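One structure below.
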Amino acid sequence: MSQPCRRTGPLLLTLALALAPWAGCGGGTSTPPVFDGGGHDGPKPQKDASDVDVVRHDAGPKDGGARDASDGGIPDDCTTGAAGEPTELRCTGLYSDWATKTVASNARQYDPGLHLWSDGAGKTRWISLPAGATIDTSDMDQWTFPNGTKVWKEFTLGGKRIETRLIWKRPTGAWYLTTYRWSADGQTSTTELTAGETNVGGGSYEIPTQSNCYDCHAGRYDMLLGFEAVALSSPQASGFTMADLTANHLLTAPPAAPLTIPGDAKTAAALGYLHINCGTSCHNRESGEAGSSGFYTRLDVATLTSPQATDTWTTGVGVNASFYPPGVAQPQIFVPCDTGSSAAYYRMSHRDGAGDAGTGTQMPPIITHQVDSDGVAAIAAWLNGFPQCGAHDGGRD
């Protein structure tokens, strides 16, 4: 697999111009990368060759491989790949009993409340932290996880398991991201899949390449996206939430007060949706791939004082857009009361090649092939709910 994509070079410059104001990039294929995540107390990590620990042929169980007994009883017949990763899901420590699919007791299930759109797939998530370890939250916007942290995300279609992704911070501090493709019955076996797969099950669902995983997860200094302060504090969060982390003394610096997305219900829903679908991975001021776009939607703790203080508002509402929806002479990223002139709304409500949408239109730019109708409706409700809208019909879609 290729290393995470960079914002340099003529090809990516062309892509950035084509995709502005919501930039993004995909990946190719070569060898699987292992990303050395930077801490919040150091300089912003740059995604170049020096940050990618490419295939470590010396990595094995002694390097934190699959045979860690604390992971919940890993079978003796497990094998590891070139980067020291388990080649089967049953060997990652998620299950204490593979035959019954019993999840290990140290893998805590959680729902972040704010959900990334995955073309309608159902998702279940677990996290395992090393015994006695804590999460460094001295920077509440950029958590740093202890070495040995593992997160799993299971994706289902029609109730059948399709893939389970692993995000693993190895004992060296380097992250390894991969996915395990389930057998056709969604029960019997899994195989590590790094090349991705399109048209899964004859539909439009896509399993990302390993490179694509790094493209998005590098939007956080320490790689994890949904397991973060704003999402885990949301009213919809369940399982292992911010309250549980605080009560169990797993945060080095817990928040002094509950973290709440500002605004009325429609505003908070829109800000939360844009935060988790756009801001945590790409549209942020730090390591996101859309950092050069000037449009940011990540909700940082200091900006939760009011909707108008958020980056979404200051960089998006009433701000001129460089992307022109068909027939719009003067588009802005978000136009109150007018979804039709809102470039961001148009891009999230279309997919490349569908209708009048040309290549480079859709946002997010990779992996997704279906429009999130509920998410689009949430943004429309917010834009049409501004006080000045009155009986305005919200513009054309």
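Residue numbers start at 1 in each chain; chains themselves are named A, B, ... in the order of the structure tokens; ligands are numbered from 1 in the order shown.
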*Within stretch 163-383 of chain A, find each residue whose DSSP state, derived from the backbone, is strand (DSSP E), and express the selection as an NGL selection string.*
:A and (163-169 or 174-182 or 190-193 or 238-239)
Store the residues picked out above, limited to N, CA and C atoms, as a PDB file, in the first residue's frame.
ATOM      1  N   GLU A 163     -16.895  -6.807   7.047  1.00  0.00           N
ATOM      2  CA  GLU A 163     -15.493  -6.524   7.358  1.00  0.00           C
ATOM      3  C   GLU A 163     -15.391  -6.057   8.796  1.00  0.00           C
ATOM      4  N   THR A 164     -14.238  -6.284   9.394  1.00  0.00           N
ATOM      5  CA  THR A 164     -13.914  -5.727  10.707  1.00  0.00           C
ATOM      6  C   THR A 164     -12.563  -5.057  10.591  1.00  0.00           C
ATOM      7  N   ARG A 165     -12.509  -3.790  10.912  1.00  0.00           N
ATOM      8  CA  ARG A 165     -11.259  -3.026  10.817  1.00  0.00           C
ATOM      9  C   ARG A 165     -10.551  -3.001  12.169  1.00  0.00           C
ATOM     10  N   LEU A 166      -9.243  -3.045  12.116  1.00  0.00           N
ATOM     11  CA  LEU A 166      -8.406  -2.971  13.313  1.00  0.00           C
ATOM     12  C   LEU A 166      -7.530  -1.739  13.233  1.00  0.00           C
ATOM     13  N   ILE A 167      -7.503  -0.980  14.320  1.00  0.00           N
ATOM     14  CA  ILE A 167      -6.608   0.164  14.471  1.00  0.00           C
ATOM     15  C   ILE A 167      -5.774  -0.131  15.719  1.00  0.00           C
ATOM     16  N   TRP A 168      -4.496  -0.343  15.525  1.00  0.00           N
ATOM     17  CA  TRP A 168      -3.646  -0.874  16.595  1.00  0.00           C
ATOM     18  C   TRP A 168      -2.418   0.003  16.774  1.00  0.00           C
ATOM     19  N   LYS A 169      -2.237   0.490  18.004  1.00  0.00           N
ATOM     20  CA  LYS A 169      -1.030   1.237  18.339  1.00  0.00           C
ATOM     21  C   LYS A 169      -0.030   0.260  18.949  1.00  0.00           C
ATOM     22  N   ALA A 174       4.040   2.993  16.913  1.00  0.00           N
ATOM     23  CA  ALA A 174       3.601   3.129  15.523  1.00  0.00           C
ATOM     24  C   ALA A 174       2.217   2.512  15.365  1.00  0.00           C
ATOM     25  N   TRP A 175       1.388   3.164  14.561  1.00  0.00           N
ATOM     26  CA  TRP A 175       0.036   2.665  14.319  1.00  0.00           C
ATOM     27  C   TRP A 175       0.019   1.733  13.114  1.00  0.00           C
ATOM     28  N   TYR A 176      -0.828   0.714  13.221  1.00  0.00           N
ATOM     29  CA  TYR A 176      -1.071  -0.180  12.090  1.00  0.00           C
ATOM     30  C   TYR A 176      -2.583  -0.280  11.889  1.00  0.00           C
ATOM     31  N   LEU A 177      -3.041   0.024  10.677  1.00  0.00           N
ATOM     32  CA  LEU A 177      -4.455  -0.010  10.335  1.00  0.00           C
ATOM     33  C   LEU A 177      -4.677  -1.059   9.254  1.00  0.00           C
ATOM     34  N   THR A 178      -5.681  -1.897   9.455  1.00  0.00           N
ATOM     35  CA  THR A 178      -5.973  -2.911   8.447  1.00  0.00           C
ATOM     36  C   THR A 178      -7.433  -3.325   8.562  1.00  0.00           C
ATOM     37  N   THR A 179      -7.867  -4.187   7.664  1.00  0.00           N
ATOM     38  CA  THR A 179      -9.229  -4.711   7.733  1.00  0.00           C
ATOM     39  C   THR A 179      -9.205  -6.207   7.472  1.00  0.00           C
ATOM     40  N   TYR A 180     -10.203  -6.891   8.044  1.00  0.00           N
ATOM     41  CA  TYR A 180     -10.357  -8.327   7.873  1.00  0.00           C
ATOM     42  C   TYR A 180     -11.687  -8.586   7.175  1.00  0.00           C
ATOM     43  N   ARG A 181     -11.603  -9.239   6.033  1.00  0.00           N
ATOM     44  CA  ARG A 181     -12.782  -9.535   5.221  1.00  0.00           C
ATOM     45  C   ARG A 181     -13.382 -10.850   5.683  1.00  0.00           C
ATOM     46  N   TRP A 182     -14.678 -10.805   6.033  1.00  0.00           N
ATOM     47  CA  TRP A 182     -15.363 -12.009   6.488  1.00  0.00           C
ATOM     48  C   TRP A 182     -15.685 -12.929   5.318  1.00  0.00           C
ATOM     49  N   THR A 190     -11.981 -15.120   8.506  1.00  0.00           N
ATOM     50  CA  THR A 190     -11.635 -13.796   7.989  1.00  0.00           C
ATOM     51  C   THR A 190     -10.248 -13.863   7.381  1.00  0.00           C
ATOM     52  N   THR A 191      -9.996 -12.950   6.463  1.00  0.00           N
ATOM     53  CA  THR A 191      -8.681 -12.828   5.838  1.00  0.00           C
ATOM     54  C   THR A 191      -8.292 -11.356   5.816  1.00  0.00           C
ATOM     55  N   GLU A 192      -7.063 -11.048   6.183  1.00  0.00           N
ATOM     56  CA  GLU A 192      -6.629  -9.652   6.110  1.00  0.00           C
ATOM     57  C   GLU A 192      -6.692  -9.177   4.663  1.00  0.00           C
ATOM     58  N   LEU A 193      -7.312  -8.034   4.475  1.00  0.00           N
ATOM     59  CA  LEU A 193      -7.488  -7.462   3.145  1.00  0.00           C
ATOM     60  C   LEU A 193      -6.931  -6.051   3.139  1.00  0.00           C
ATOM     61  N   SER A 238     -23.127   5.923  23.786  1.00  0.00           N
ATOM     62  CA  SER A 238     -23.493   4.846  24.706  1.00  0.00           C
ATOM     63  C   SER A 238     -22.320   3.884  24.862  1.00  0.00           C
ATOM     64  N   GLY A 239     -22.453   2.971  25.821  1.00  0.00           N
ATOM     65  CA  GLY A 239     -21.367   2.042  26.088  1.00  0.00           C
ATOM     66  C   GLY A 239     -20.262   2.744  26.847  1.00  0.00           C
TER      67      GLY A 239
END
Find the residues around A:Ser105 up to 10 Å (only C-alpha atoms counted), leave out those fewer than 2 positions away in its own chain, and share them as a PDB file with C-alpha atoms, in the first residue's frame.
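Dumped everything to selection.pdb:
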ATOM      1  CA  ASP A  71      -5.570  -9.747  24.792  1.00  0.00           C
ATOM      2  CA  GLY A  72      -7.953 -12.476  25.820  1.00  0.00           C
ATOM      3  CA  LEU A  94     -11.217  -9.172  20.055  1.00  0.00           C
ATOM      4  CA  TYR A  95     -12.727 -12.561  20.832  1.00  0.00           C
ATOM      5  CA  SER A  96     -12.194 -14.735  23.897  1.00  0.00           C
ATOM      6  CA  THR A 102     -17.721 -14.132  22.450  1.00  0.00           C
ATOM      7  CA  VAL A 103     -16.023 -10.748  22.786  1.00  0.00           C
ATOM      8  CA  ALA A 107     -12.719  -5.080  24.669  1.00  0.00           C
ATOM      9  CA  ARG A 108     -15.213  -2.418  25.691  1.00  0.00           C
ATOM     10  CA  GLN A 109     -18.073  -1.727  23.285  1.00  0.00           C
ATOM     11  CA  SER A 128      -9.116  -2.219  24.389  1.00  0.00           C
TER      12      SER A 128
END
Excluding stretch 354-362 of chain A and its own-chain neighbours fewer than 3 positions away, which residues fall within 9 Å of it when counting only C-alpha atoms? Please give them as a tab-separated table (two decimals) with C-alpha atoms, in the first residue's frame.
chain	number	residue	atom	x	y	z
A	15	LEU	CA	-6.53	17.44	-7.20
A	18	ALA	CA	-10.38	20.40	-8.46
A	19	LEU	CA	-11.85	19.48	-5.08
A	323	PHE	CA	-16.79	25.21	-6.19
A	325	PRO	CA	-22.87	24.13	-8.32
A	326	PRO	CA	-24.55	24.09	-11.75
A	346	TYR	CA	-24.61	20.43	-3.08
A	347	ARG	CA	-21.45	18.35	-2.85
A	348	MET	CA	-22.62	16.21	0.04
A	349	SER	CA	-25.99	15.64	-1.64
A	350	HIS	CA	-24.47	14.34	-4.89
A	351	ARG	CA	-22.18	11.53	-5.97
A	365	PRO	CA	-14.42	12.31	-2.12
A	366	ILE	CA	-13.58	8.64	-1.56
A	368	THR	CA	-18.80	6.45	-0.29
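Pairwise distance (atom CA of A:Asn284, atom CA of A:Tyr296) equals 4.8 Å.
Of the residues under consideration (A:Ala343, A:Cys78, A:Cys282, A:Val301), A:Ala343 shows the shortest atom-to-atom contact distance to A:Ala329 when counting only C-alpha atoms.
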*Name the residues of stretch 274-322 of chain A that fall into alpha helix (DSSP H) according to DSSP on the backbone, using the chain letters and numbers of this document, as number ranges by chain.*
A: 274, 311-316
Write the residues of the selection above to a file with N, CA and C atoms, as a compact mmCIF listing (two decimals), in the first residue's frame.
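Final output, result-v1.txt:
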# COMPACT_ATOMS: atom_id res chain seq x y z
N LEU A 274 -21.22 17.47 10.74
CA LEU A 274 -20.07 17.96 9.98
C LEU A 274 -18.76 17.69 10.73
N ASP A 311 -15.47 26.73 14.09
CA ASP A 311 -14.83 26.86 12.78
C ASP A 311 -15.84 26.66 11.66
N THR A 312 -16.79 25.79 11.86
CA THR A 312 -17.80 25.56 10.82
C THR A 312 -18.47 26.86 10.45
N TRP A 313 -18.78 27.66 11.45
CA TRP A 313 -19.47 28.93 11.22
C TRP A 313 -18.53 29.97 10.63
N THR A 314 -17.36 30.13 11.25
CA THR A 314 -16.49 31.23 10.83
C THR A 314 -15.84 30.99 9.47
N THR A 315 -15.67 29.72 9.10
CA THR A 315 -15.03 29.44 7.81
C THR A 315 -16.02 28.97 6.75
N GLY A 316 -17.30 28.79 7.13
CA GLY A 316 -18.26 28.24 6.18
C GLY A 316 -19.50 29.06 5.92
